[in-house]
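Okay, structure first, notes after.
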Number of protein chains: 2
Amino acid sequence: MSEPGPRWLSADERAAWLALLSTTTLLPGALEAPLQQAAKLSLFDYNVLAMLSEAPTGALPMSELAARTSASLSRLSHVAKKLQARGLVKRAIHADDARVTSTTITGEGLALVGKIAPVHVESVRKLVFDRLDERDVADLARIGRKLMRGMDANHWILRTPAP
Amino acid sequence: MSEPGPRWLSADERAAWLALLSTTTLLPGALEAPLQQAAKLSLFDYNVLAMLSEAPTGALPMSELAARTSASLSRLSHVAKKLQARGLVKRAIHADDARVTSTTITGEGLALVGKIAPVHVESVRKLVFDRLDERDVADLARIGRKLMRGMDANHWILRTPAP
DNA sequence: TGCATTTAGTTGACGTGTCAAGTAAAAAGC
DNA sequence: GCTTTTTACTTGACACGTCAACTAAATGCA
């Protein structure tokens with residue numbers, strides 16, 4: 001019985017792979033720079049605040065917030081502590097289940113998101129959507145969701161059906 | 001609770017954006033786990049060694065290596081120091097230009113890459129290419145290259161013409 | 001009821017990435 | 001030929017992400 005040899009990448013796959021790898025390497029930093037400059041927020045910080053601001057009550061349990069930001073609970077906990085120190089969120093033990101921490105965006109936090117959301121959307125447009133046509137956008141969503149399925153079949157973004 | 005901003009994303013764009021953001025967040029960690037387990041190497045470490053091993057002479061200047069790994073010179077310098085301490089690369093001042101540091105992969109480094117390359121290719125396949133059909137691969141390369149053009153028009157991967 | 005297990009989150013230590021500052025060599029300007 | 005600028009890195013400090021260990025509440029189950 002011989003081991004099957006490594007399934008090396010074809011030339012086309014390699015091209016796609018290099019493009020994907022360099023994109024995942026550079027895109028986060030490129031998106032973060034304007035946020036850092038405008039409000040001393042990391043991309044992840046912004047995302048946490050954005051997810052809270054989009055929640056109907058402005059509050060979410062840590063686990064749910066972690067799911068929506070693709071973060072570990074540990075990472076989120078450190079960041080929530082930092083954001084709380086800046087007065088952008090507050091945390092409280094949930095009434096029905098004392099294990100749950102409910103994180104709420106404050107008025108100050110909402111004001112900050114409101115102020116920098118246009119800045120952020122503008123850089124997302126500039127770096128991503130201004131370069132893509134309608135077909136690209138559909139392809140990107142399709143491929144991105146396929147990849148997510150492989151990494152986390154129950155991920156939050158897959159709860160929403162494909163457009 | 002979200003504030004409308006200028007040039008806001010459409011529903012389709014938002015779906016693509018969430019898929020892209022979560023992919024860039026989760027993919028690097030997912031690819032790194034097997035490397036970490038097999039050889040205590042980060043994804044970036046591996047990439048540095050892989051790029052050197054693919055160079056005809058097994059050596060590249062720091063700047064070129066930084067370009068091919070999408071890294072800052074600073075980041076690469078720290079990592080090269082670490083890899084040198086592990087005996088996987090060596091560094092030497094270039095003969096023709098004393099400003100240039102030529103980084104060379106050692107025999108030990110080559111042996112390690114040879115050993116774990118199959119492991120890495122397998123996880124790239126499992127996480128990415130096994131989930132994508134031919135059309136997806138072509139779309140991914142096209143979109144990835146478009147995004148790279150926006151972030152760094154002179155990036156290394158764009159030197160190669162599209163397939 | 002009592003004890004083990006699971007769930008939810010926090011914490012501290014450690015490694016890594018980033019940024020600002022520094023070094024040294026080469027090229028450009030005059 | 002002498003100075004200024006640019007290029008090619010290196011370094012140290014700090015911030016962040018991860019991992020392992022921990023706390024505490026809820027649930028399972030016997």
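Ordered as shown in the structure tokens, chains take letters A, B, and onward, while each chain numbers its residues from 1 and ligands are numbered from 1 in the order shown.
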
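All C-alpha atoms of chain B, paired in order with those of chain A and fitted by least squares, deviate by an RMSD of 3.0 Å.
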
| field | Near-range 9-21 of chain C list (8 Å; only C-alpha atoms (C1' of nucleotides); drop same-chain fewer than 2 positions) as a ChimeraX atom specification | value | /A:62,73-74,77,99-101 /B:75 /D:22-23

Generate a file of the selected residues that holds N, CA, C and O atoms (P, O5', C5', C4', C3', O3' and C1' of nucleotides), formatted as a PDB file, in the first residue's frame.
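The resulting selection_35.pdb:
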```pdb
ATOM      1  N   MET A  62     -21.939  38.057  24.959  1.00  0.00           N
ATOM      2  CA  MET A  62     -20.566  37.914  24.459  1.00  0.00           C
ATOM      3  C   MET A  62     -20.471  36.812  23.396  1.00  0.00           C
ATOM      4  O   MET A  62     -19.811  36.995  22.369  1.00  0.00           O
ATOM      5  N   LEU A  73     -13.908  33.978  22.241  1.00  0.00           N
ATOM      6  CA  LEU A  73     -14.469  34.649  23.420  1.00  0.00           C
ATOM      7  C   LEU A  73     -13.381  35.398  24.167  1.00  0.00           C
ATOM      8  O   LEU A  73     -13.606  36.490  24.705  1.00  0.00           O
ATOM      9  N   SER A  74     -12.205  34.799  24.198  1.00  0.00           N
ATOM     10  CA  SER A  74     -11.069  35.409  24.879  1.00  0.00           C
ATOM     11  C   SER A  74     -10.702  36.751  24.244  1.00  0.00           C
ATOM     12  O   SER A  74     -10.572  37.771  24.921  1.00  0.00           O
ATOM     13  N   SER A  77     -13.334  39.285  24.922  1.00  0.00           N
ATOM     14  CA  SER A  77     -13.329  39.719  26.321  1.00  0.00           C
ATOM     15  C   SER A  77     -12.293  40.818  26.559  1.00  0.00           C
ATOM     16  O   SER A  77     -12.577  41.832  27.196  1.00  0.00           O
ATOM     17  N   ARG A  99     -24.582  33.441  33.905  1.00  0.00           N
ATOM     18  CA  ARG A  99     -23.321  33.161  33.204  1.00  0.00           C
ATOM     19  C   ARG A  99     -23.116  34.125  32.046  1.00  0.00           C
ATOM     20  O   ARG A  99     -21.990  34.363  31.602  1.00  0.00           O
ATOM     21  N   VAL A 100     -24.218  34.649  31.557  1.00  0.00           N
ATOM     22  CA  VAL A 100     -24.185  35.473  30.340  1.00  0.00           C
ATOM     23  C   VAL A 100     -23.854  36.925  30.664  1.00  0.00           C
ATOM     24  O   VAL A 100     -24.439  37.517  31.571  1.00  0.00           O
ATOM     25  N   THR A 101     -22.897  37.473  29.910  1.00  0.00           N
ATOM     26  CA  THR A 101     -22.600  38.890  29.996  1.00  0.00           C
ATOM     27  C   THR A 101     -23.244  39.590  28.816  1.00  0.00           C
ATOM     28  O   THR A 101     -22.973  39.256  27.664  1.00  0.00           O
TER      29      THR A 101
ATOM     30  N   ARG B  75       8.647  43.434   9.941  1.00  0.00           N
ATOM     31  CA  ARG B  75       8.106  42.124  10.304  1.00  0.00           C
ATOM     32  C   ARG B  75       9.029  41.014   9.837  1.00  0.00           C
ATOM     33  O   ARG B  75       9.363  40.101  10.600  1.00  0.00           O
TER      34      ARG B  75
ATOM     35  P    DC D  22      -5.222  26.317  37.265  1.00  0.00           P
ATOM     36  O5'  DC D  22      -6.498  27.265  37.460  1.00  0.00           O
ATOM     37  C5'  DC D  22      -6.294  28.665  37.646  1.00  0.00           C
ATOM     38  C4'  DC D  22      -7.620  29.390  37.501  1.00  0.00           C
ATOM     39  C3'  DC D  22      -8.760  28.853  38.369  1.00  0.00           C
ATOM     40  O3'  DC D  22      -8.973  29.721  39.477  1.00  0.00           O
ATOM     41  C1'  DC D  22      -9.478  29.495  36.176  1.00  0.00           C
ATOM     42  P    DT D  23     -10.041  29.269  40.611  1.00  0.00           P
ATOM     43  O5'  DT D  23     -11.350  30.076  40.179  1.00  0.00           O
ATOM     44  C5'  DT D  23     -11.303  31.494  40.014  1.00  0.00           C
ATOM     45  C4'  DT D  23     -12.665  31.974  39.549  1.00  0.00           C
ATOM     46  C3'  DT D  23     -13.818  31.487  40.437  1.00  0.00           C
ATOM     47  O3'  DT D  23     -14.600  32.614  40.802  1.00  0.00           O
ATOM     48  C1'  DT D  23     -14.252  30.997  38.150  1.00  0.00           C
TER      49       DT D  23
END
```

| field | Which of range 31-106 of chain B fall in alpha helix (DSSP H), as an MDAnalysis selection string | value | chainID B and resid 31:39 43:54 62:68 73:85

| message | Taking the DSSP secondary structure from the backbone, can you list the residues of chain B that are strand (DSSP E), as a list in words? | response | Ala59, Leu60, Pro61, Val89, Lys90, Arg91, Ala92, Ile93, Thr101, Ser102, Thr103, Thr104 and Ile105 of chain B

Please, could you write that set of residues out with N, CA, C and O atoms as a PDB file, in the first residue's frame?
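Contents of result_39.pdb, freshly written:
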```
ATOM      1  N   ALA B  59      18.062  31.845  -2.222  1.00  0.00           N
ATOM      2  CA  ALA B  59      18.372  33.087  -1.507  1.00  0.00           C
ATOM      3  C   ALA B  59      17.641  34.262  -2.131  1.00  0.00           C
ATOM      4  O   ALA B  59      17.412  34.281  -3.346  1.00  0.00           O
ATOM      5  N   LEU B  60      17.263  35.210  -1.311  1.00  0.00           N
ATOM      6  CA  LEU B  60      16.617  36.429  -1.790  1.00  0.00           C
ATOM      7  C   LEU B  60      16.990  37.579  -0.856  1.00  0.00           C
ATOM      8  O   LEU B  60      17.193  37.367   0.354  1.00  0.00           O
ATOM      9  N   PRO B  61      17.072  38.786  -1.390  1.00  0.00           N
ATOM     10  CA  PRO B  61      17.233  39.960  -0.519  1.00  0.00           C
ATOM     11  C   PRO B  61      15.979  40.148   0.331  1.00  0.00           C
ATOM     12  O   PRO B  61      14.884  39.759  -0.094  1.00  0.00           O
ATOM     13  N   VAL B  89      17.296  29.411   8.243  1.00  0.00           N
ATOM     14  CA  VAL B  89      17.844  30.323   7.229  1.00  0.00           C
ATOM     15  C   VAL B  89      19.159  30.895   7.753  1.00  0.00           C
ATOM     16  O   VAL B  89      19.450  30.800   8.944  1.00  0.00           O
ATOM     17  N   LYS B  90      19.932  31.462   6.837  1.00  0.00           N
ATOM     18  CA  LYS B  90      21.085  32.254   7.272  1.00  0.00           C
ATOM     19  C   LYS B  90      21.096  33.567   6.500  1.00  0.00           C
ATOM     20  O   LYS B  90      20.519  33.663   5.408  1.00  0.00           O
ATOM     21  N   ARG B  91      21.715  34.556   7.104  1.00  0.00           N
ATOM     22  CA  ARG B  91      21.727  35.870   6.471  1.00  0.00           C
ATOM     23  C   ARG B  91      23.154  36.339   6.241  1.00  0.00           C
ATOM     24  O   ARG B  91      24.040  36.072   7.047  1.00  0.00           O
ATOM     25  N   ALA B  92      23.360  37.048   5.140  1.00  0.00           N
ATOM     26  CA  ALA B  92      24.696  37.553   4.845  1.00  0.00           C
ATOM     27  C   ALA B  92      24.587  38.864   4.091  1.00  0.00           C
ATOM     28  O   ALA B  92      23.645  39.067   3.312  1.00  0.00           O
ATOM     29  N   ILE B  93      25.525  39.741   4.324  1.00  0.00           N
ATOM     30  CA  ILE B  93      25.544  41.007   3.605  1.00  0.00           C
ATOM     31  C   ILE B  93      25.936  40.750   2.155  1.00  0.00           C
ATOM     32  O   ILE B  93      26.876  40.005   1.872  1.00  0.00           O
ATOM     33  N   THR B 101      20.730  42.649   2.619  1.00  0.00           N
ATOM     34  CA  THR B 101      20.920  41.396   3.339  1.00  0.00           C
ATOM     35  C   THR B 101      20.354  40.267   2.490  1.00  0.00           C
ATOM     36  O   THR B 101      19.181  40.284   2.132  1.00  0.00           O
ATOM     37  N   SER B 102      21.200  39.315   2.179  1.00  0.00           N
ATOM     38  CA  SER B 102      20.736  38.171   1.409  1.00  0.00           C
ATOM     39  C   SER B 102      20.376  37.056   2.379  1.00  0.00           C
ATOM     40  O   SER B 102      21.199  36.624   3.172  1.00  0.00           O
ATOM     41  N   THR B 103      19.126  36.617   2.319  1.00  0.00           N
ATOM     42  CA  THR B 103      18.660  35.560   3.210  1.00  0.00           C
ATOM     43  C   THR B 103      18.617  34.245   2.443  1.00  0.00           C
ATOM     44  O   THR B 103      18.028  34.167   1.372  1.00  0.00           O
ATOM     45  N   THR B 104      19.256  33.242   2.980  1.00  0.00           N
ATOM     46  CA  THR B 104      19.359  31.943   2.301  1.00  0.00           C
ATOM     47  C   THR B 104      18.715  30.859   3.148  1.00  0.00           C
ATOM     48  O   THR B 104      18.891  30.840   4.371  1.00  0.00           O
ATOM     49  N   ILE B 105      17.974  29.978   2.509  1.00  0.00           N
ATOM     50  CA  ILE B 105      17.416  28.843   3.229  1.00  0.00           C
ATOM     51  C   ILE B 105      18.519  27.792   3.407  1.00  0.00           C
ATOM     52  O   ILE B 105      19.302  27.548   2.487  1.00  0.00           O
TER      53      ILE B 105
END
```

| query | Mind listing as a ChimeraX atom specification which residues of chain C are within 8 Å of chain B, counting only C-alpha atoms (C1' of nucleotides)? | reply | /C:17,24-26

Just write the chosen residues, N, CA, C and O atoms (P, O5', C5', C4', C3', O3' and C1' of nucleotides), as a PDB file, in the first residue's frame.
```
ATOM      1  P    DG C  17       3.998  37.966  13.192  1.00  0.00           P
ATOM      2  O5'  DG C  17       3.357  39.379  13.563  1.00  0.00           O
ATOM      3  C5'  DG C  17       1.952  39.570  13.435  1.00  0.00           C
ATOM      4  C4'  DG C  17       1.634  41.050  13.348  1.00  0.00           C
ATOM      5  C3'  DG C  17       2.360  41.793  12.224  1.00  0.00           C
ATOM      6  O3'  DG C  17       1.440  42.745  11.659  1.00  0.00           O
ATOM      7  C1'  DG C  17       3.045  42.656  14.340  1.00  0.00           C
ATOM      8  P    DA C  24      26.504  52.359  12.454  1.00  0.00           P
ATOM      9  O5'  DA C  24      26.762  51.882  10.964  1.00  0.00           O
ATOM     10  C5'  DA C  24      26.085  50.723  10.475  1.00  0.00           C
ATOM     11  C4'  DA C  24      25.851  50.865   8.992  1.00  0.00           C
ATOM     12  C3'  DA C  24      26.959  51.610   8.230  1.00  0.00           C
ATOM     13  O3'  DA C  24      27.332  50.804   7.156  1.00  0.00           O
ATOM     14  C1'  DA C  24      24.844  52.382   7.588  1.00  0.00           C
ATOM     15  P    DA C  25      28.748  50.981   6.475  1.00  0.00           P
ATOM     16  O5'  DA C  25      28.355  50.908   4.927  1.00  0.00           O
ATOM     17  C5'  DA C  25      27.573  49.810   4.473  1.00  0.00           C
ATOM     18  C4'  DA C  25      26.743  50.269   3.314  1.00  0.00           C
ATOM     19  C3'  DA C  25      27.560  50.885   2.173  1.00  0.00           C
ATOM     20  O3'  DA C  25      27.243  50.193   0.985  1.00  0.00           O
ATOM     21  C1'  DA C  25      25.725  52.269   2.728  1.00  0.00           C
ATOM     22  P    DA C  26      28.110  50.360  -0.326  1.00  0.00           P
ATOM     23  O5'  DA C  26      27.162  51.206  -1.280  1.00  0.00           O
ATOM     24  C5'  DA C  26      25.922  50.641  -1.663  1.00  0.00           C
ATOM     25  C4'  DA C  26      25.044  51.709  -2.252  1.00  0.00           C
ATOM     26  C3'  DA C  26      25.621  52.401  -3.489  1.00  0.00           C
ATOM     27  O3'  DA C  26      24.661  52.292  -4.517  1.00  0.00           O
ATOM     28  C1'  DA C  26      24.815  53.984  -1.923  1.00  0.00           C
TER      29       DA C  26
END
```

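With only C-alpha atoms as the atoms that count, the minimum distance from chain B to the choices A:Ala111, A:Ala141, A:Leu158, A:Ala80 is reached by A:Ala141.
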